[in-house]
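**Q** Let me begin by handing over the structure; questions about it come next.
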Amino acid sequence: MTERELRRTALVIPPKGRAVLCIWAAAAGLFLAPFAFWQSIPAGAVFCLLWAVLTALLRARACSYAAVLGEHTLTIYAGIAFPVRRVVPRRAVTGVQQFRSPLLRLAGATVLVISAPGARVLVPAVPAAQAAALACALAEDAP
């Protein structure tokens with residue numbers, strides 16, 4: 001994928017990437033649930049219910065996530081009730097890191113961490129080809 005093609009499309013989290021994010025959140029809840037059940041059965045049930053709601057909200061937020069590469073900026077949109085827009089100038093990017101867990105590798109996705117002065121932007125679970133193209137495009141502009 002070239003930078004020109006990348007500029008025409010927005011990076012969105014695919015369904016497999018959203019599933020990986022939900023699995024990570026559910027795994028953390030599964031790890032913490034025994035401590036809630038240790039207090040009492042009703043406390044454990046309430047904890048599990050609240051954790052399921054938080055995981056569903058994470059999935060909804062992941063559906064609203066988009067990153068758009070412009071000529072001079074990288075703009076990231078996220079949010080359901082309160083949309084947030086983050087704009088990072090491409091010249092200000094000092095580093096780009098790609099992380100892939102075994103689950104992300106199976107889903108064909110990558111997590112990008114983009115560093116700029118005063119900001120660290122996390123681009124979660126985007127398709128690997130688009131993530132590599134974005135990392136390459138931002139690395140070319142880095143000082």
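To be explicit about the labels: the chains of the structure tokens are called A, B, and onward in the order shown, and within each one the residues are counted from 1, while ligands get numbers from 1 in the order they are shown.
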Excluding same-chain residues fewer than 4 positions from Thr110 in chain A, what lies within 9 Å of it counting only C-alpha atoms, as a list of chain:residue names?

**A**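 My list of contacting residues is A:Gly17, A:Gln98, A:Phe99, A:Arg100, A:Ser101, A:Leu104, A:Arg105, A:Val123, A:Pro124, A:Ala125, A:Val126, A:Pro127, A:Ala128, A:Ala129, A:Ala131, A:Ala132.
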
**Q** Would you kindly return, as a PyMOL selection string, each protein, DNA or RNA residue with an atom no farther than 12 Å from any atom of Arg120 in chain A, considering only C-alpha atoms and excluding same-chain residues fewer than 5 positions away?

**A** chain A and resi 86-88+92-97+112-115

**Q** List as JSON, numbers by chain the protein and nucleic acid residues near range 42-49 of chain A, meaning an atom at most 10 Å away when only C-alpha atoms are counted, but skip any in the same chain fewer than 3 places from it.

**A** {"A": [26, 29, 30, 32, 33, 34, 35, 36, 37, 38, 39, 52, 53, 54, 55]}

**Q** DSSP on the backbone: which residues in chain A end up as strand (DSSP E or B)? Give the answer as a PyMOL selection string.

**A** chain A and resi 10-12+66-69+73-78+84-89+95-99+109-116+119-127

**Q** Write the residues of the selection above to a file with N, CA and C atoms, as a short mmCIF file (atom, residue, chain, number, x, y, z; two decimals), in the first residue's frame.

**A**
```cif
data_model
loop_
_atom_site.label_atom_id
_atom_site.label_comp_id
_atom_site.auth_asym_id
_atom_site.auth_seq_id
_atom_site.Cartn_x
_atom_site.Cartn_y
_atom_site.Cartn_z
N ALA A 10 -9.35 5.85 5.39
CA ALA A 10 -9.16 6.00 6.83
C ALA A 10 -8.82 4.64 7.40
N LEU A 11 -7.92 4.63 8.36
CA LEU A 11 -7.60 3.39 9.05
C LEU A 11 -8.68 3.15 10.09
N VAL A 12 -9.39 2.06 9.98
CA VAL A 12 -10.41 1.69 10.95
C VAL A 12 -10.06 0.32 11.51
N ALA A 66 -11.07 5.93 14.09
CA ALA A 66 -10.56 6.09 12.73
C ALA A 66 -9.33 6.99 12.76
N ALA A 67 -8.35 6.66 11.95
CA ALA A 67 -7.15 7.48 11.79
C ALA A 67 -7.04 7.88 10.34
N VAL A 68 -6.80 9.16 10.09
CA VAL A 68 -6.74 9.68 8.73
C VAL A 68 -5.40 10.36 8.53
N LEU A 69 -4.69 9.93 7.51
CA LEU A 69 -3.39 10.52 7.17
C LEU A 69 -3.61 11.62 6.15
N THR A 73 -0.67 16.21 8.37
CA THR A 73 -1.09 15.81 9.70
C THR A 73 -1.57 14.36 9.73
N LEU A 74 -1.59 13.82 10.93
CA LEU A 74 -2.27 12.55 11.21
C LEU A 74 -3.39 12.90 12.18
N THR A 75 -4.63 12.64 11.78
CA THR A 75 -5.79 12.97 12.60
C THR A 75 -6.45 11.68 13.07
N ILE A 76 -6.73 11.62 14.37
CA ILE A 76 -7.34 10.43 14.95
C ILE A 76 -8.68 10.82 15.57
N TYR A 77 -9.72 10.11 15.17
CA TYR A 77 -11.08 10.33 15.66
C TYR A 77 -11.48 9.13 16.52
N ALA A 78 -12.04 9.39 17.69
CA ALA A 78 -12.54 8.32 18.55
C ALA A 78 -13.62 8.89 19.45
N VAL A 84 -13.71 12.68 20.17
CA VAL A 84 -12.42 13.34 20.38
C VAL A 84 -11.66 13.30 19.07
N ARG A 85 -11.02 14.42 18.76
CA ARG A 85 -10.19 14.50 17.56
C ARG A 85 -8.79 14.92 17.98
N ARG A 86 -7.81 14.10 17.66
CA ARG A 86 -6.42 14.42 17.95
C ARG A 86 -5.70 14.65 16.63
N VAL A 87 -4.98 15.74 16.54
CA VAL A 87 -4.24 16.07 15.33
C VAL A 87 -2.76 16.13 15.70
N VAL A 88 -1.97 15.31 15.01
CA VAL A 88 -0.52 15.29 15.22
C VAL A 88 0.14 15.73 13.92
N PRO A 89 0.93 16.81 13.93
CA PRO A 89 1.64 17.19 12.72
C PRO A 89 2.65 16.10 12.33
N GLY A 95 8.90 9.13 16.60
CA GLY A 95 9.08 7.68 16.56
C GLY A 95 7.78 6.94 16.33
N VAL A 96 7.90 5.80 15.68
CA VAL A 96 6.75 4.94 15.43
C VAL A 96 7.17 3.51 15.80
N GLN A 97 6.39 2.87 16.66
CA GLN A 97 6.67 1.49 17.05
C GLN A 97 5.47 0.63 16.70
N GLN A 98 5.75 -0.58 16.23
CA GLN A 98 4.70 -1.54 15.91
C GLN A 98 4.79 -2.72 16.87
N PHE A 99 3.65 -3.11 17.41
CA PHE A 99 3.60 -4.26 18.31
C PHE A 99 2.59 -5.27 17.77
N ALA A 109 -3.49 -7.97 12.35
CA ALA A 109 -3.53 -6.58 12.80
C ALA A 109 -2.26 -6.23 13.58
N THR A 110 -2.07 -4.94 13.80
CA THR A 110 -0.90 -4.41 14.50
C THR A 110 -1.33 -3.24 15.37
N VAL A 111 -0.63 -3.05 16.48
CA VAL A 111 -0.82 -1.87 17.32
C VAL A 111 0.33 -0.92 17.02
N LEU A 112 0.02 0.32 16.69
CA LEU A 112 1.03 1.35 16.44
C LEU A 112 1.08 2.30 17.62
N VAL A 113 2.29 2.65 18.05
CA VAL A 113 2.48 3.69 19.06
C VAL A 113 3.27 4.79 18.38
N ILE A 114 2.65 5.96 18.25
CA ILE A 114 3.26 7.09 17.57
C ILE A 114 3.67 8.10 18.63
N SER A 115 4.96 8.44 18.66
CA SER A 115 5.48 9.38 19.64
C SER A 115 5.74 10.73 19.00
N ALA A 116 5.34 11.77 19.71
CA ALA A 116 5.59 13.16 19.31
C ALA A 116 5.86 13.93 20.59
N ALA A 119 3.14 14.08 23.35
CA ALA A 119 2.01 13.20 23.02
C ALA A 119 2.51 11.80 22.69
N ARG A 120 1.70 10.85 23.03
CA ARG A 120 1.92 9.47 22.61
C ARG A 120 0.57 8.95 22.17
N VAL A 121 0.45 8.63 20.89
CA VAL A 121 -0.82 8.23 20.31
C VAL A 121 -0.80 6.73 20.07
N LEU A 122 -1.83 6.05 20.53
CA LEU A 122 -1.97 4.61 20.35
C LEU A 122 -2.99 4.36 19.24
N VAL A 123 -2.57 3.66 18.21
CA VAL A 123 -3.47 3.29 17.11
C VAL A 123 -3.66 1.78 17.22
N PRO A 124 -4.76 1.32 17.84
CA PRO A 124 -4.89 -0.10 18.15
C PRO A 124 -5.46 -0.95 17.03
N ALA A 125 -4.90 -2.13 16.85
CA ALA A 125 -5.47 -3.21 16.04
C ALA A 125 -5.88 -2.82 14.63
N VAL A 126 -5.05 -2.07 13.93
CA VAL A 126 -5.33 -1.74 12.53
C VAL A 126 -4.71 -2.82 11.64
N PRO A 127 -5.19 -2.99 10.42
CA PRO A 127 -4.62 -4.00 9.54
C PRO A 127 -3.11 -3.82 9.36
#
```

**Q** Using only C-alpha atoms, pick whichever of A:Ala81, A:Leu57, A:Ala133, A:Ala27 has the shortest atom-to-atom distance to Leu6 in chain A.

**A**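 Among A:Ala81, A:Leu57, A:Ala133, A:Ala27, it is A:Ala133 that comes nearest to Leu6 in chain A.
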
**Q** Do a neighbour search on Ala56 in chain A at 12 Å with only C-alpha atoms, toss out local chain neighbours closer than 5 positions, and write the hits as a PyMOL selection string.

**A** chain A and resi 18-19+21-23+25-26+49-51+61-63

**Q** If you run DSSP on the backbone, which residues of range 73-120 of chain A are helix (DSSP H, G or I), as JSON, numbers by chain?

**A** {"A": [90, 91, 92, 102, 103, 104, 105, 106, 107]}

**Q** Could you check the closest approach to Arg8 in chain A for each of A:Gly70, A:Pro102, A:Arg59, A:Ile80 and tell me which residue wins, using only C-alpha atoms?

**A**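 Between A:Gly70, A:Pro102, A:Arg59, A:Ile80, the residue approaching Arg8 in chain A most closely is A:Gly70.
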
**Q** Please indicate the distance in Å from CA of Arg4 in chain A to CA of Ala135 in chain A, rounded to one decimal place.

**A**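 For CA of Arg4 in chain A relative to CA of Ala135 in chain A, the distance reads 13.7 Å.
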
**Q** Between A:Pro83, A:Arg91, A:Val20, A:Phe31, which residue has the minimum interatomic distance to Pro117 in chain A, considering only C-alpha atoms?

**A**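 Checking each of A:Pro83, A:Arg91, A:Val20, A:Phe31 against Pro117 in chain A, counting only C-alpha atoms, the winner is A:Arg91.
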
**Q** For a test of reading the model, state the distance in Å between CA of Arg90 in chain A and CA of Leu134 in chain A, rounded to one decimal.

**A** 10.8 Å

**Q** A:Ile41, A:His72, A:Gly108, A:Gly79: which is nearest Leu138 in chain A, counting only C-alpha atoms?

**A**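 Of A:Ile41, A:His72, A:Gly108, A:Gly79, the one nearest Leu138 in chain A is A:His72, counting only C-alpha atoms.
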
**Q** For CA of Gln130 in chain A and CA of Thr9 in chain A, determine how far apart the two atoms are, in Å to one decimal place.

**A** 9.7 Å

**Q** Pick out the closest residue to Glu71 in chain A from this set: A:Ala139, A:Leu106, A:Arg7, A:Gly118. Count only C-alpha atoms.

**A** A:Arg7
